[in-house]
$ cat model.tsv   # TSV, C-alpha atoms
chain	number	residue	atom	x	y	z
I	1	MET	CA	75.70	0.38	-166.09
I	2	ARG	CA	77.73	0.15	-162.91
I	3	THR	CA	75.15	2.11	-160.99
I	4	LEU	CA	72.38	-0.25	-162.08
I	5	ARG	CA	74.38	-3.33	-161.07
I	6	THR	CA	75.16	-1.78	-157.72
I	7	ARG	CA	71.52	-1.13	-157.08
I	8	LYS	CA	70.60	-4.66	-158.08
I	9	ASN	CA	73.25	-6.09	-155.78
I	10	THR	CA	72.09	-3.86	-152.97
I	11	ALA	CA	68.47	-4.93	-153.48
I	12	ALA	CA	69.43	-8.60	-153.61
I	13	LEU	CA	71.46	-8.26	-150.40
I	14	GLY	CA	68.52	-6.59	-148.68
I	15	VAL	CA	66.22	-9.44	-149.67
I	16	VAL	CA	68.68	-12.03	-148.40
I	17	THR	CA	69.11	-10.13	-145.18
I	18	ALA	CA	65.33	-9.92	-144.65
I	19	VAL	CA	64.94	-13.62	-145.34
I	20	LEU	CA	67.70	-14.49	-142.87
I	21	ALA	CA	66.14	-12.23	-140.28
I	22	LEU	CA	62.76	-13.88	-140.67
I	23	ALA	CA	64.32	-17.34	-140.48
I	24	LEU	CA	66.19	-16.47	-137.30
I	25	THR	CA	63.06	-15.00	-135.77
I	26	ALA	CA	61.09	-18.15	-136.65
I	27	CYS	CA	63.77	-20.40	-135.17
I	28	ASN	CA	63.99	-18.39	-131.97
I	29	GLY	CA	60.17	-18.42	-131.63
I	30	ASP	CA	60.04	-22.22	-131.94
I	31	ASP	CA	62.88	-22.73	-129.46
I	32	GLY	CA	61.20	-20.41	-126.95
I	33	THR	CA	57.88	-22.17	-127.23
I	34	GLN	CA	59.42	-25.63	-126.86
I	35	SER	CA	61.50	-24.49	-123.90
I	36	ALA	CA	58.48	-22.96	-122.15
I	37	GLY	CA	56.31	-25.97	-122.95
I	38	PRO	CA	58.23	-28.54	-120.91
I	39	ALA	CA	58.58	-26.09	-118.04
I	40	ASP	CA	54.77	-25.56	-117.92
I	41	THR	CA	54.15	-29.30	-118.25
I	42	GLY	CA	56.58	-30.06	-115.44
I	43	ALA	CA	55.05	-27.47	-113.15
I	44	SER	CA	51.58	-28.72	-113.94
I	45	ALA	CA	52.62	-32.32	-113.34
I	46	SER	CA	54.38	-31.35	-110.14
I	47	ALA	CA	51.34	-29.42	-108.94
I	48	SER	CA	49.07	-32.29	-109.91
I	49	THR	CA	51.29	-34.82	-108.17
I	50	GLY	CA	51.53	-32.66	-105.06
I	51	SER	CA	47.78	-32.10	-104.98
I	52	GLU	CA	47.05	-35.79	-105.49
I	53	GLY	CA	49.59	-36.74	-102.83
I	54	ALA	CA	48.14	-34.25	-100.41
I	55	SER	CA	44.65	-35.50	-101.15
I	56	LYS	CA	45.68	-39.12	-100.60
I	57	THR	CA	47.58	-38.24	-97.43
I	58	GLU	CA	44.67	-36.24	-96.08
I	59	GLY	CA	42.19	-38.96	-97.04
I	60	ALA	CA	44.32	-41.65	-95.46
I	61	SER	CA	44.76	-39.56	-92.35
I	62	LYS	CA	41.03	-38.86	-92.06
I	63	GLY	CA	40.12	-42.45	-92.86
I	64	THR	CA	42.53	-43.84	-90.30
I	65	GLY	CA	41.42	-41.39	-87.63
I	66	SER	CA	37.74	-42.05	-88.22
I	67	GLU	CA	38.17	-45.80	-88.37
I	68	GLY	CA	40.43	-45.81	-85.34
I	69	THR	CA	37.96	-43.78	-83.31
I	70	SER	CA	35.08	-45.98	-84.37
I	71	LYS	CA	36.88	-49.17	-83.42
I	72	THR	CA	38.06	-47.76	-80.12
I	73	GLY	CA	34.56	-46.60	-79.23
I	74	GLY	CA	33.10	-49.97	-80.09
I	75	SER	CA	35.70	-51.72	-78.01
I	76	ALA	CA	35.02	-49.46	-75.04
I	77	GLN	CA	31.29	-50.09	-75.28
I	78	ASN	CA	31.77	-53.84	-75.46
I	79	THR	CA	34.12	-53.73	-72.49
I	80	GLY	CA	31.60	-51.73	-70.45
I	81	SER	CA	28.80	-54.13	-71.34
I	82	SER	CA	30.93	-57.10	-70.39
I	83	LYS	CA	31.84	-55.59	-67.03
I	84	GLU	CA	28.24	-54.69	-66.29
I	85	THR	CA	27.09	-58.21	-67.09
I	86	GLY	CA	29.82	-59.68	-64.93
I	87	THR	CA	28.93	-57.45	-62.02
I	88	SER	CA	25.27	-58.26	-62.29
I	89	GLY	CA	25.93	-61.99	-62.47
I	90	GLY	CA	28.25	-61.88	-59.49
I	91	SER	CA	25.78	-59.88	-57.42
I	92	ALA	CA	22.95	-62.29	-58.20
I	93	ALA	CA	25.11	-65.29	-57.37
I	94	SER	CA	26.49	-63.81	-54.12
I	95	GLY	CA	23.16	-62.33	-52.98
I	96	GLY	CA	21.06	-65.49	-53.41
I	97	GLY	CA	21.38	-66.60	-49.79
I	98	ASN	CA	20.85	-70.06	-48.28
I	99	THR	CA	17.21	-71.10	-48.34
I	100	SER	CA	17.42	-74.69	-47.13
I	101	ASP	CA	15.57	-75.97	-44.06
I	102	SER	CA	18.74	-77.63	-42.78
I	103	TYR	CA	20.41	-74.23	-42.73
I	104	ALA	CA	17.45	-72.76	-40.83
I	105	TYR	CA	17.63	-75.48	-38.17
I	106	LYS	CA	21.18	-74.40	-37.33
I	107	HIS	CA	20.59	-70.64	-37.58
I	108	PRO	CA	17.90	-69.14	-35.30
I	109	CYS	CA	16.20	-66.03	-36.64
I	110	LYS	CA	17.51	-62.64	-35.54
I	111	ILE	CA	15.01	-60.00	-34.54
I	112	SER	CA	16.75	-57.59	-36.96
I	113	ASP	CA	15.80	-59.87	-39.89
I	114	LEU	CA	12.12	-60.07	-38.96
I	115	SER	CA	9.04	-57.92	-39.49
I	116	ILE	CA	6.14	-58.63	-37.11
I	117	ARG	CA	2.48	-57.82	-37.66
I	118	VAL	CA	-0.55	-58.49	-35.46
I	119	TYR	CA	-4.06	-57.98	-36.81
I	120	PRO	CA	-7.61	-59.33	-36.30
I	121	ARG	CA	-8.54	-62.40	-38.32
I	122	GLU	CA	-11.31	-61.64	-40.75
I	123	GLY	CA	-14.62	-63.12	-39.61
I	124	SER	CA	-13.69	-63.40	-35.94
I	125	ASP	CA	-14.03	-60.98	-33.01
I	126	THR	CA	-11.62	-62.80	-30.72
I	127	GLN	CA	-8.84	-64.14	-32.94
I	128	GLN	CA	-5.59	-62.30	-33.62
I	129	VAL	CA	-3.13	-63.23	-36.38
I	130	ILE	CA	0.59	-63.07	-35.53
I	131	GLU	CA	2.54	-62.79	-38.76
I	132	VAL	CA	6.36	-63.03	-38.66
I	133	ASN	CA	8.04	-62.14	-41.97
I	134	ASN	CA	11.65	-63.09	-42.74
I	135	THR	CA	13.19	-60.03	-44.41
I	136	GLY	CA	16.73	-61.44	-44.39
I	137	ALA	CA	18.65	-63.14	-47.21
I	138	ASN	CA	18.82	-66.60	-45.60
I	139	SER	CA	16.40	-69.08	-44.11
I	140	CYS	CA	16.24	-69.04	-40.32
I	141	GLY	CA	14.61	-71.04	-37.54
I	142	LEU	CA	11.93	-70.09	-35.00
I	143	SER	CA	10.63	-71.95	-31.96
I	144	TYR	CA	7.46	-73.96	-32.66
I	145	PHE	CA	5.23	-71.11	-31.45
I	146	PRO	CA	5.66	-67.53	-30.22
I	147	GLN	CA	5.82	-66.77	-26.50
I	148	VAL	CA	2.65	-64.81	-25.75
I	149	SER	CA	1.16	-63.29	-22.62
I	150	LEU	CA	-1.93	-61.12	-22.09
I	151	GLY	CA	-1.89	-58.32	-19.55
I	152	ALA	CA	-2.51	-54.69	-18.72
I	153	GLN	CA	-0.61	-52.12	-20.71
I	154	ASN	CA	0.32	-49.92	-17.74
I	155	ALA	CA	1.09	-52.70	-15.27
I	156	SER	CA	4.45	-52.52	-13.52
I	157	ASP	CA	4.34	-56.21	-12.66
I	158	HIS	CA	3.49	-58.73	-15.41
I	159	SER	CA	3.78	-61.83	-13.28
I	160	GLY	CA	0.00	-62.07	-13.28
I	161	ASP	CA	-0.34	-61.97	-17.06
I	162	ILE	CA	-2.47	-64.68	-18.66
I	163	LYS	CA	-0.69	-67.22	-20.85
I	164	PRO	CA	-2.58	-69.11	-23.55
I	165	ALA	CA	-2.74	-72.87	-23.90
I	166	VAL	CA	-0.68	-74.41	-26.76
I	167	PRO	CA	-0.85	-77.78	-28.56
I	168	GLY	CA	0.90	-80.67	-26.85
I	169	GLY	CA	2.95	-83.61	-28.09
I	170	LEU	CA	5.46	-81.45	-29.92
I	171	GLY	CA	8.29	-83.14	-31.78
I	172	GLY	CA	9.94	-83.51	-35.14
I	173	ALA	CA	12.17	-80.84	-36.66
I	174	PRO	CA	14.35	-78.82	-34.28
I	175	ALA	CA	12.75	-75.52	-35.37
I	176	TYR	CA	10.15	-73.98	-37.65
I	177	ALA	CA	12.04	-72.98	-40.82
I	178	VAL	CA	11.20	-69.62	-42.38
I	179	LYS	CA	12.52	-68.99	-45.88
I	180	PRO	CA	13.42	-65.46	-47.04
I	181	LYS	CA	10.45	-63.29	-48.05
I	182	THR	CA	7.98	-65.72	-46.46
I	183	ALA	CA	6.02	-65.62	-43.20
I	184	ALA	CA	5.42	-67.82	-40.19
I	185	ILE	CA	1.82	-67.44	-38.97
I	186	ALA	CA	0.29	-68.21	-35.59
I	187	VAL	CA	-3.26	-67.45	-34.41
I	188	LEU	CA	-4.34	-66.50	-30.90
I	189	ASP	CA	-7.95	-66.72	-29.72
I	190	PHE	CA	-8.26	-64.74	-26.49
I	191	ASN	CA	-11.82	-66.00	-25.82
I	192	PRO	CA	-12.55	-69.24	-27.73
I	193	SER	CA	-15.83	-69.93	-25.88
I	194	GLY	CA	-17.18	-66.41	-26.24
I	195	GLU	CA	-18.12	-66.38	-22.52
I	196	ASN	CA	-17.66	-63.43	-20.23
I	197	GLY	CA	-14.02	-62.89	-19.35
I	198	VAL	CA	-11.75	-60.42	-17.60
I	199	THR	CA	-11.78	-56.89	-18.95
I	200	TRP	CA	-8.57	-55.52	-17.44
I	201	VAL	CA	-6.47	-57.17	-20.16
I	202	ASN	CA	-5.84	-54.81	-23.05
I	203	GLU	CA	-2.44	-55.80	-24.39
I	204	MET	CA	-0.77	-58.80	-26.02
I	205	ASN	CA	2.98	-59.27	-25.48
I	206	VAL	CA	4.73	-61.26	-28.21
I	207	LEU	CA	8.24	-62.72	-28.24
I	208	VAL	CA	8.45	-64.49	-31.60
I	209	ASP	CA	11.06	-67.01	-30.39
I	210	GLY	CA	10.98	-67.76	-26.69
I	211	GLU	CA	13.86	-70.26	-26.93
I	212	HIS	CA	16.56	-68.13	-28.57
I	213	MET	CA	15.61	-64.47	-28.09
I	214	ALA	CA	15.96	-62.23	-25.05
I	215	ASN	CA	12.94	-60.77	-23.25
I	216	ALA	CA	14.06	-57.36	-24.50
I	217	ASP	CA	12.93	-58.45	-28.00
I	218	THR	CA	9.32	-58.71	-26.82
I	219	GLN	CA	6.88	-56.49	-28.71
I	220	ASN	CA	3.54	-55.20	-27.43
I	221	PHE	CA	0.28	-54.99	-29.36
I	222	PRO	CA	-3.10	-53.64	-28.19
I	223	LEU	CA	-6.15	-55.88	-28.01
I	224	PRO	CA	-9.44	-54.65	-29.50
I	225	SER	CA	-11.30	-52.15	-27.34
I	226	GLY	CA	-13.68	-53.90	-24.91
I	227	ALA	CA	-11.97	-57.28	-25.26
I	228	LYS	CA	-12.93	-59.95	-22.72
I	229	VAL	CA	-10.24	-62.56	-22.15
I	230	ASP	CA	-11.07	-66.08	-21.04
I	231	SER	CA	-9.07	-69.33	-21.47
I	232	PRO	CA	-7.05	-68.14	-24.50
I	233	LYS	CA	-5.54	-70.57	-27.00
I	234	LEU	CA	-2.50	-70.25	-29.25
I	235	GLY	CA	-1.55	-72.42	-32.24
I	236	LEU	CA	1.82	-73.40	-33.69
I	237	TYR	CA	3.52	-71.54	-36.51
I	238	GLN	CA	2.09	-72.49	-39.90
I	239	SER	CA	2.40	-71.23	-43.49
I	240	THR	CA	-1.28	-70.16	-43.82
I	241	ILE	CA	-3.91	-68.60	-41.58
I	242	ALA	CA	-6.28	-71.55	-42.06
I	243	GLU	CA	-3.63	-74.02	-40.88
I	244	ALA	CA	-2.77	-71.75	-37.94
I	245	VAL	CA	-6.45	-71.63	-36.90
I	246	SER	CA	-6.66	-75.41	-37.03
I	247	SER	CA	-3.53	-75.70	-34.89
I	248	MET	CA	-4.92	-73.19	-32.38
I	249	GLU	CA	-8.17	-75.15	-32.03
I	250	SER	CA	-6.20	-78.24	-31.05
I	251	ALA	CA	-4.56	-76.48	-28.09
I	252	GLY	CA	-5.41	-77.18	-24.44
$ encode --input "model.tsv" --output "structure tokens"
Amino acid sequence: MRTLRTRKNTAALGVVTAVLALALTACNGDDGTQSAGPADTGASASASTGSEGASKTEGASKGTGSEGTSKTGGSAQNTGSSKETGTSGGSAASGGGNTSDSYAYKHPCKISDLSIRVYPREGSDTQQVIEVNNTGANSCGLSYFPQVSLGAQNASDHSGDIKPAVPGGLGGAPAYAVKPKTAAIAVLDFNPSGENGVTWVNEMNVLVDGEHMANADTQNFPLPSGAKVDSPKLGLYQSTIAEAVSSMESAG
């Protein structure tokens, strides 16, 4: 009987022990899972927060840099455009020159501001056009007509050169005003009557302003081959060839 009771007690103790062991194992498993859970959650949250912060920081940095560069570039372009416009406006204002006749009356033309051409008038065998272009920035004044003489190209003495007749009764403005980029035109007819004339004359000497320029500013132009010179006439400066011809015809 005692042996049986002992075995029963032993069996019961084993069952209790097994149950306790299982209970302890279950409790330890739950505690371990709960302890690991918060740790994982915290790490995940920390990683998420760090990633989000880095993303925001990087985005803000990129956004600021891009926007800053864009604004700076735009400002630089506007500044450049403004400066260019200012320079252009200043140049136009300062380079306009004085184009009034009153200014020309007080400022004789300089030979360095003039371009001179001599060429035959279309439709005439004896008329030569003297065209004086003002290439300067300001208006300037010329004498009423150019100083012209006709002579031999190779002559050492020009005292015998032939001088044309000019219109009389001159008066009015103190000079002939020539605006910038315009021309003063005079016409010479070296044989108005078409009669036989001297044949030794082959050159026309032109000083565009005989009142204010030195003889050294005289320019020489050849007459047409075979020209015969007789009683030449010279007109006043005019703005057109037709007006210059009319002025020439009134000379003498």
$ residues_around --input "model.tsv" --residues "segment 229-239 of chain I" --least-positions-apart "3" --cutoff "8 Å" --atoms "all atoms listed in the file" --output "PyMOL selection string"
chain I and resi 144-146+163-167+176+183-193+195-199+201+243-252
$ write_last_selection --input "model.tsv" --atoms "C-alpha atoms" --output "JSON list (two decimals), in the frame of the given file"
[["chain", "number", "residue", "atom", "x", "y", "z"],
["I", 144, "TYR", "CA", 7.46, -73.96, -32.66],
["I", 145, "PHE", "CA", 5.23, -71.11, -31.45],
["I", 146, "PRO", "CA", 5.66, -67.53, -30.22],
["I", 163, "LYS", "CA", -0.69, -67.22, -20.85],
["I", 164, "PRO", "CA", -2.58, -69.11, -23.55],
["I", 165, "ALA", "CA", -2.74, -72.87, -23.90],
["I", 166, "VAL", "CA", -0.68, -74.41, -26.76],
["I", 167, "PRO", "CA", -0.85, -77.78, -28.56],
["I", 176, "TYR", "CA", 10.15, -73.98, -37.65],
["I", 183, "ALA", "CA", 6.02, -65.62, -43.20],
["I", 184, "ALA", "CA", 5.42, -67.82, -40.19],
["I", 185, "ILE", "CA", 1.82, -67.44, -38.97],
["I", 186, "ALA", "CA", 0.29, -68.21, -35.59],
["I", 187, "VAL", "CA", -3.26, -67.45, -34.41],
["I", 188, "LEU", "CA", -4.34, -66.50, -30.90],
["I", 189, "ASP", "CA", -7.95, -66.72, -29.72],
["I", 190, "PHE", "CA", -8.26, -64.74, -26.49],
["I", 191, "ASN", "CA", -11.82, -66.00, -25.82],
["I", 192, "PRO", "CA", -12.55, -69.24, -27.73],
["I", 193, "SER", "CA", -15.83, -69.93, -25.88],
["I", 195, "GLU", "CA", -18.12, -66.38, -22.52],
["I", 196, "ASN", "CA", -17.66, -63.43, -20.23],
["I", 197, "GLY", "CA", -14.02, -62.89, -19.35],
["I", 198, "VAL", "CA", -11.75, -60.42, -17.60],
["I", 199, "THR", "CA", -11.78, -56.89, -18.95],
["I", 201, "VAL", "CA", -6.47, -57.17, -20.16],
["I", 243, "GLU", "CA", -3.63, -74.02, -40.88],
["I", 244, "ALA", "CA", -2.77, -71.75, -37.94],
["I", 245, "VAL", "CA", -6.45, -71.63, -36.90],
["I", 246, "SER", "CA", -6.66, -75.41, -37.03],
["I", 247, "SER", "CA", -3.53, -75.70, -34.89],
["I", 248, "MET", "CA", -4.92, -73.19, -32.38],
["I", 249, "GLU", "CA", -8.17, -75.15, -32.03],
["I", 250, "SER", "CA", -6.20, -78.24, -31.05],
["I", 251, "ALA", "CA", -4.56, -76.48, -28.09],
["I", 252, "GLY", "CA", -5.41, -77.18, -24.44]]
$ closest_residue --input "model.tsv" --among "I:Ile111, I:Ile162, I:Leu223, I:Ala177" --to "Cys140 of chain I" --atoms "all atoms listed in the file"
I:Ala177
$ closest_residue --input "model.tsv" --among "I:Gly194, I:Gly226, I:Gly210, I:Gly169" --to "Ser143 of chain I" --atoms "all atoms listed in the file"
I:Gly210
$ residues_around --input "model.tsv" --residues "Asn154 of chain I" --least-positions-apart "2" --cutoff "12 Å" --atoms "all atoms listed in the file" --output "VMD selection string"
chain I and resid 151 to 152 156 to 158 200 to 203 220 222
$ closest_residue --input "model.tsv" --among "I:Ala227, I:Leu170, I:Ala155, I:Val208" --to "Asn134 of chain I" --atoms "only C-alpha atoms"
I:Val208
$ atom_distance --input "model.tsv" --atom1 "atom CA of Asn205 of chain I" --atom2 "atom CA of Leu142 of chain I"
17.0 Å
$ decode --input "model.tsv" --residues "segment 203-215 of chain I" --atoms "N, CA and C atoms" --output "CSV table (one decimal), in the first residue's frame"
chain,number,residue,atom,x,y,z
I,203,GLU,N,42.7,119.7,-116.6
I,203,GLU,CA,42.5,119.5,-115.2
I,203,GLU,C,41.7,120.5,-114.5
I,204,MET,N,40.9,120.1,-113.6
I,204,MET,CA,40.0,121.0,-112.8
I,204,MET,C,40.5,121.0,-111.3
I,205,ASN,N,40.9,122.1,-110.8
I,205,ASN,CA,41.4,122.2,-109.4
I,205,ASN,C,40.2,122.8,-108.5
I,206,VAL,N,39.9,122.0,-107.5
I,206,VAL,CA,38.7,122.4,-106.6
I,206,VAL,C,39.1,122.6,-105.2
I,207,LEU,N,38.9,123.7,-104.6
I,207,LEU,CA,39.0,124.0,-103.2
I,207,LEU,C,37.5,124.2,-102.7
I,208,VAL,N,37.0,123.3,-101.9
I,208,VAL,CA,35.5,123.4,-101.7
I,208,VAL,C,35.1,124.6,-100.9
I,209,ASP,N,36.0,125.2,-100.1
I,209,ASP,CA,35.7,126.4,-99.4
I,209,ASP,C,36.9,127.4,-99.5
I,210,GLY,N,36.8,128.3,-100.4
I,210,GLY,CA,37.9,129.2,-100.6
I,210,GLY,C,38.0,130.3,-99.6
I,211,GLU,N,37.1,130.4,-98.6
I,211,GLU,CA,37.1,131.4,-97.6
I,211,GLU,C,37.8,130.9,-96.3
I,212,HIS,N,37.6,129.6,-96.0
I,212,HIS,CA,38.1,129.1,-94.7
I,212,HIS,C,39.2,128.0,-94.8
I,213,MET,N,39.4,127.5,-96.0
I,213,MET,CA,40.4,126.4,-96.2
I,213,MET,C,41.7,126.9,-96.8
I,214,ALA,N,42.8,126.2,-96.5
I,214,ALA,CA,44.1,126.6,-97.1
I,214,ALA,C,44.2,126.0,-98.5
I,215,ASN,N,45.1,126.6,-99.3
I,215,ASN,CA,45.3,126.1,-100.7
I,215,ASN,C,45.7,124.6,-100.7
